[in-house]
Amino acid sequence: MRARLAMPLALIAALSVTATACSSSGKDTPRSDEKNVPAAASGAADYNPQPYDKIKDGGTYTTVGTFDDQGNPFNVNSTLTAARVWAWYNADAITYSPTGEVQYNPDYYSDVRVTVEGGNQKVTLTINPKAVFNDGTPIDWTAIAATWKANNGSDKRFAPLSTNGYDQITSVEKGADAKQAVITFKGVNASWSSLFTTFLHPRAATVAHFNDAYVKKAHPEWGAGPYTVGSWDTHSGNITFVRNPKWWGKKGKLDKRVYVNLESTAAVNAFKNGEIDLASAVDAESLNQVKGLKGSEIRSGGSPFEYSLYFNTESTVLADQEVRKAIEESIDRAQIAKIQFQGLDYSEPLPGSAVLYSFQKGYRDNLSSVLTYAPEEAKKSLDAAGWKAGADGVRAKGGRKLEVGYTLLGDDPLDKALAGAFTAMLKPVGVRLVVKKADEADFADILSERKFDLFLSGNRSMDPFGARYLCDFYCSDRESNLTGAGSPALDAEIRATTEIADLDEQVAAVNEVEQKALREYAFLPLFSGPSTYAVKNGLVNAGATIFHNPLPETVGWQK
């Protein structure tokens with residue numbers, strides 16, 4: 001599952017970078033020192049992996065976090081926060097290794113068989129006979145069928161995050177008994193495992209419950225797993241998970257898993273004060289504050305995150321593709337990355353795809369094929385399009401100024417520095433960037449209601465099959481396409497890639513089609529960065545895990 005970030009996690013830490021440090025050179029050349037840039041972003045993992053028997057029984061694990069507006073991770077308005085919270089009291093049936101190998105959890109799927117008959121793939125899931133939802137309902141084939149029906153797009157009343165893959169399934173049927181689900185696809189789907197990493201209780205898969213039941217609410221009775229909800233404080237936003245007495249597998253090692261609702265900028269101080277056990281350290285200032293703290297360590301590795309600039313093509317000025325292209329040509333992405341990574345002793349190639357990372361097999365820099373940093377060319381294009389510079393340097397056309405809004409969440413200095421960088425880069429081209437402040441709590445509403453012109457946001461890949469998400473980014477009829485760009489003809493080309501059975505061939509086709517999608521000039525990949533955490537000594541199976549999500553019962557404190 002690929003989930004939207006609940007907040008701009010790349011931009012949460014406090015780094016004072018003045019806007020004057022962000023000014024653009026104005027030269028039509030890349031600003032990066034290419035000879036010093038690695039060929040790929042880091043693919044290393046760093047999370048102190050330990051087996052179950054090396055973990056203490058007991059203890060509490062506390063981090064910053066809270067529930068999100070939409071807590072159903074299958075819903076289009078869900079976020080990374082929703083997916084993370086969900087995983088602590090619902091099924092983690094399929095996970096991945098840090099590098100993306102599939103791992104089946106026998107507590108849910110006791111046997112998995114994949115066959116191809118007549119060109120169509122059949123997946124048979126045999127469900128653990130002990131598996132049961134907390135309300136006593138057996139976990140059986142009906143849960144798999146309900147999850148499919150809610151997400152396949154056939155009933156437009158549902159609002160799924162993605163129909164990709166689910167819409168390729170022709171049936172989910174009872175197998176040898178109710179504890180066996182037989183899933184039949186039209187054609188072959190090599191990334192099918194990403195569709196059923198978790199699943200819904202059949203009661204949660206009605207239209208009303210799928211869309212609304214989890215809005216600022218938990219439903220532990222519909223959950224399953226080693227932990228369940230202990231407290232869900234709608235006033236403070238804090239959440240506590242405790243051991244689930246109805247769990248049939250290995251018990252959770254922790255007594256409690258706690259999320260405390262603090263502003264993102266408060267996380268480092270909370271870690272320094274011993275209030276939390278892990279904090280993200282994404283910039284130089286936060287990293288320097290936590291480096292060398294007694295009883296702690298730094299864990300840093302690769303990141304399946306990517307942060308991009310989204311253009312709302314439904315806004316008046318940005319409906320003009322020439323304007324969008326000129327803005328993209330005026331943004332020095334290498335300088336933006338330099339600001340973001342200042343003081344981190346980290347570098348990476350500029351990202352060139354929405355769906356694959358440079359450390360993955362088959363990755364190609366598709367953006368460089370359609371865009372170069374060329375502010376002088378941007379000026380010429382705007383001239384030709386009739387946008388003439390005024391006395392104040394701001395272009396105008398038909399009595400309208402070339403002013404574009406930029407939505408800025410929160411008060412973080414690094415966020416402000418990046419906004420200042422964009423402003424400084426666009427000013428010489430004749431574009432006035434109007435920075436509009438908003439609260440972090442408004443994030444989901446800003447996206448779902450498309451209340452922005454330009455917006456910096458990120459995505460985390462929850463599985464290694466990025467090619468299957470091309471439509472979510474670029475199809476014109478998808479709610480998950482935040483830009484609104486695209487066309488029916490492009491949609492058809494994108495959807496044709498989902499029918500390619502061989503993963504390598506699919507990735508190659510996706511690379512070709514993504515170049516066409518990027519020529520809409522509505523989506524600009526900016527940076528990924530490392531996953532870096534300050535962690536209390538002894539915490540196991542937590543940190544930079546890339547594609548891996550350690551099972552909740554394996555997170556705890558080392559013996």
# chains A, B, ... in the order shown; residues from 1 in each chain; ligands from 1
>>> residues_around(residues="Ala534 in chain A", least_positions_apart="5", cutoff="10 Å", atoms="only C-alpha atoms", output="list in words")
Val268, Phe271, Lys272, Asp277, Leu278, Ala279, Ser280, Ala281, Ser286, Leu287, Gln289, Val290, Lys291, Gly292, Leu293, Ser296, Glu297, Ile298, Arg299, Ser300 and Gly543 of chain A
>>> residues_around(residues="Thr234 in chain A", least_positions_apart="5", cutoff="9 Å", atoms="only C-alpha atoms", output="ChimeraX atom specification")
/A:67,216-217,239
>>> residues_around(residues="Ala266 in chain A", least_positions_apart="3", cutoff="12 Å", atoms="only C-alpha atoms", output="PyMOL selection string")
chain A and resi 12-14+63-65+260-263+269-273+275-276+279-281+286+411-412
>>> select_by_dssp(residues="range 336-424 of chain A", states="strand (DSSP E or B)", output="PyMOL selection string")
chain A and resi 388-389+395-397+400-401+403-409
>>> write_last_selection(atoms="N, CA, C and O atoms", output="PDB file, in the first residue's frame")
ATOM      1  N   LYS A 388       3.431  39.214 -19.741  1.00  0.00           N
ATOM      2  CA  LYS A 388       4.403  40.301 -19.861  1.00  0.00           C
ATOM      3  C   LYS A 388       4.774  40.853 -18.486  1.00  0.00           C
ATOM      4  O   LYS A 388       3.913  40.999 -17.614  1.00  0.00           O
ATOM      5  N   ALA A 389       6.069  41.126 -18.319  1.00  0.00           N
ATOM      6  CA  ALA A 389       6.555  41.653 -17.046  1.00  0.00           C
ATOM      7  C   ALA A 389       6.047  43.061 -16.807  1.00  0.00           C
ATOM      8  O   ALA A 389       6.073  43.903 -17.710  1.00  0.00           O
ATOM      9  N   ARG A 395       4.755  39.357 -13.793  1.00  0.00           N
ATOM     10  CA  ARG A 395       4.108  39.247 -15.091  1.00  0.00           C
ATOM     11  C   ARG A 395       2.590  39.355 -14.949  1.00  0.00           C
ATOM     12  O   ARG A 395       2.020  39.055 -13.892  1.00  0.00           O
ATOM     13  N   ALA A 396       1.960  39.745 -16.038  1.00  0.00           N
ATOM     14  CA  ALA A 396       0.501  39.853 -16.057  1.00  0.00           C
ATOM     15  C   ALA A 396       0.002  39.513 -17.458  1.00  0.00           C
ATOM     16  O   ALA A 396       0.740  39.620 -18.448  1.00  0.00           O
ATOM     17  N   LYS A 397      -1.247  39.093 -17.512  1.00  0.00           N
ATOM     18  CA  LYS A 397      -1.884  38.773 -18.786  1.00  0.00           C
ATOM     19  C   LYS A 397      -3.381  38.995 -18.637  1.00  0.00           C
ATOM     20  O   LYS A 397      -3.996  38.472 -17.704  1.00  0.00           O
ATOM     21  N   ARG A 400      -4.562  40.112 -15.269  1.00  0.00           N
ATOM     22  CA  ARG A 400      -4.351  39.229 -14.114  1.00  0.00           C
ATOM     23  C   ARG A 400      -2.868  39.071 -13.853  1.00  0.00           C
ATOM     24  O   ARG A 400      -2.083  38.774 -14.752  1.00  0.00           O
ATOM     25  N   LYS A 401      -2.455  39.266 -12.602  1.00  0.00           N
ATOM     26  CA  LYS A 401      -1.069  39.087 -12.203  1.00  0.00           C
ATOM     27  C   LYS A 401      -0.721  37.599 -12.177  1.00  0.00           C
ATOM     28  O   LYS A 401      -1.575  36.754 -11.874  1.00  0.00           O
ATOM     29  N   GLU A 403       0.365  35.460 -10.108  1.00  0.00           N
ATOM     30  CA  GLU A 403       0.541  35.165  -8.695  1.00  0.00           C
ATOM     31  C   GLU A 403       0.049  33.731  -8.426  1.00  0.00           C
ATOM     32  O   GLU A 403      -1.040  33.355  -8.854  1.00  0.00           O
ATOM     33  N   VAL A 404       0.859  32.990  -7.696  1.00  0.00           N
ATOM     34  CA  VAL A 404       0.555  31.590  -7.403  1.00  0.00           C
ATOM     35  C   VAL A 404       0.665  31.379  -5.900  1.00  0.00           C
ATOM     36  O   VAL A 404       1.637  31.811  -5.271  1.00  0.00           O
ATOM     37  N   GLY A 405      -0.325  30.714  -5.310  1.00  0.00           N
ATOM     38  CA  GLY A 405      -0.295  30.434  -3.881  1.00  0.00           C
ATOM     39  C   GLY A 405       0.584  29.247  -3.550  1.00  0.00           C
ATOM     40  O   GLY A 405       0.716  28.303  -4.339  1.00  0.00           O
ATOM     41  N   TYR A 406       1.195  29.307  -2.382  1.00  0.00           N
ATOM     42  CA  TYR A 406       1.983  28.186  -1.863  1.00  0.00           C
ATOM     43  C   TYR A 406       1.523  27.946  -0.431  1.00  0.00           C
ATOM     44  O   TYR A 406       1.671  28.817   0.428  1.00  0.00           O
ATOM     45  N   THR A 407       0.946  26.787  -0.177  1.00  0.00           N
ATOM     46  CA  THR A 407       0.390  26.490   1.143  1.00  0.00           C
ATOM     47  C   THR A 407       1.491  25.945   2.051  1.00  0.00           C
ATOM     48  O   THR A 407       2.140  24.946   1.741  1.00  0.00           O
ATOM     49  N   LEU A 408       1.689  26.625   3.182  1.00  0.00           N
ATOM     50  CA  LEU A 408       2.742  26.286   4.131  1.00  0.00           C
ATOM     51  C   LEU A 408       2.106  25.821   5.435  1.00  0.00           C
ATOM     52  O   LEU A 408       1.328  26.552   6.053  1.00  0.00           O
ATOM     53  N   LEU A 409       2.431  24.612   5.855  1.00  0.00           N
ATOM     54  CA  LEU A 409       1.883  24.070   7.091  1.00  0.00           C
ATOM     55  C   LEU A 409       2.808  24.357   8.269  1.00  0.00           C
ATOM     56  O   LEU A 409       4.013  24.108   8.200  1.00  0.00           O
TER      57      LEU A 409
END
>>> residues_around(residues="Ala93 in chain A", least_positions_apart="5", cutoff="12 Å", atoms="only C-alpha atoms", output="MDAnalysis selection string")
chainID A and resid 87 102:112 125:128 131 139 144 193:200 224:225 549:552
>>> atom_distance(atom1="CA of Pro488 in chain A", atom2="CA of Phe210 in chain A")
28.1 Å
>>> residues_around(residues="range 525-532 of chain A", least_positions_apart="5", cutoff="10 Å", atoms="only C-alpha atoms", output="JSON, numbers by chain")
{"A": [10, 41, 42, 43, 44, 45, 46, 279, 280, 281, 282, 283, 287, 298, 299, 300, 301, 302, 303, 304, 305, 306, 307, 308, 309, 310, 331, 332, 333, 334, 335, 336, 337, 338, 340, 341, 344, 346, 347, 348, 349, 350, 351, 352, 353, 354, 357, 358, 367, 456, 457, 458, 459, 460, 518, 543, 544, 545, 546]}
>>> residues_around(residues="Ala159 in chain A", least_positions_apart="6", cutoff="8 Å", atoms="only C-alpha atoms", output="JSON list (two decimals) with N, CA and C atoms, in the first residue's frame")
[["chain", "number", "residue", "atom", "x", "y", "z"],
["A", 75, "ASN", "N", -9.05, 3.81, 2.72],
["A", 75, "ASN", "CA", -9.84, 4.94, 2.25],
["A", 75, "ASN", "C", -8.95, 5.98, 1.55],
["A", 76, "VAL", "N", -9.51, 6.67, 0.57],
["A", 76, "VAL", "CA", -8.74, 7.63, -0.22],
["A", 76, "VAL", "C", -8.19, 8.77, 0.63],
["A", 151, "ASN", "N", -12.82, -2.29, -2.48],
["A", 151, "ASN", "CA", -11.69, -1.59, -3.11],
["A", 151, "ASN", "C", -11.60, -1.77, -4.62],
["A", 210, "PHE", "N", -17.01, 1.86, 5.74],
["A", 210, "PHE", "CA", -15.75, 2.05, 5.01],
["A", 210, "PHE", "C", -15.40, 3.53, 4.92],
["A", 211, "ASN", "N", -16.39, 4.35, 4.62],
["A", 211, "ASN", "CA", -16.14, 5.78, 4.41],
["A", 211, "ASN", "C", -16.07, 6.58, 5.70]]
>>> residues_around(residues="Ser315 in chain A", least_positions_apart="3", cutoff="9 Å", atoms="only C-alpha atoms", output="number ranges by chain")
A: 311-312, 318-319, 452-453
>>> select_by_dssp(residues="range 53-93 of chain A", states="alpha helix (DSSP H)", output="ChimeraX atom specification")
/A:80-86
>>> write_last_selection(atoms="N, CA and C atoms", output="JSON list (two decimals), in the first residue's frame")
[["chain", "number", "residue", "atom", "x", "y", "z"],
["A", 80, "LEU", "N", -0.31, 8.11, 6.01],
["A", 80, "LEU", "CA", 0.68, 7.23, 6.61],
["A", 80, "LEU", "C", 0.41, 7.03, 8.08],
["A", 81, "THR", "N", -0.01, 8.07, 8.77],
["A", 81, "THR", "CA", -0.36, 7.96, 10.18],
["A", 81, "THR", "C", -1.43, 6.91, 10.38],
["A", 82, "ALA", "N", -2.46, 6.94, 9.53],
["A", 82, "ALA", "CA", -3.56, 5.96, 9.65],
["A", 82, "ALA", "C", -3.03, 4.54, 9.48],
["A", 83, "ALA", "N", -2.14, 4.33, 8.51],
["A", 83, "ALA", "CA", -1.61, 3.00, 8.27],
["A", 83, "ALA", "C", -0.78, 2.51, 9.45],
["A", 84, "ARG", "N", -0.01, 3.41, 10.05],
["A", 84, "ARG", "CA", 0.84, 3.00, 11.16],
["A", 84, "ARG", "C", 0.02, 2.67, 12.41],
["A", 85, "VAL", "N", -0.97, 3.49, 12.69],
["A", 85, "VAL", "CA", -1.82, 3.23, 13.86],
["A", 85, "VAL", "C", -2.63, 1.96, 13.65],
["A", 86, "TRP", "N", -3.18, 1.79, 12.46],
["A", 86, "TRP", "CA", -3.97, 0.61, 12.11],
["A", 86, "TRP", "C", -3.19, -0.67, 12.39]]
>>> atom_distance(atom1="CA of Ser476 in chain A", atom2="CA of Val507 in chain A")
20.7 Å
>>> closest_residue(among="A:Ala91, A:Ile446, A:Ala385, A:Val431", to="Pro226 in chain A", atoms="only C-alpha atoms")
A:Ala91
>>> closest_residue(among="A:Gly386, A:Gly343, A:Pro129, A:Pro220", to="Glu322 in chain A", atoms="only C-alpha atoms")
A:Gly386
>>> closest_residue(among="A:Lys179, A:Lys186, A:Lys149, A:His548", to="Asp463 in chain A", atoms="only C-alpha atoms")
A:His548
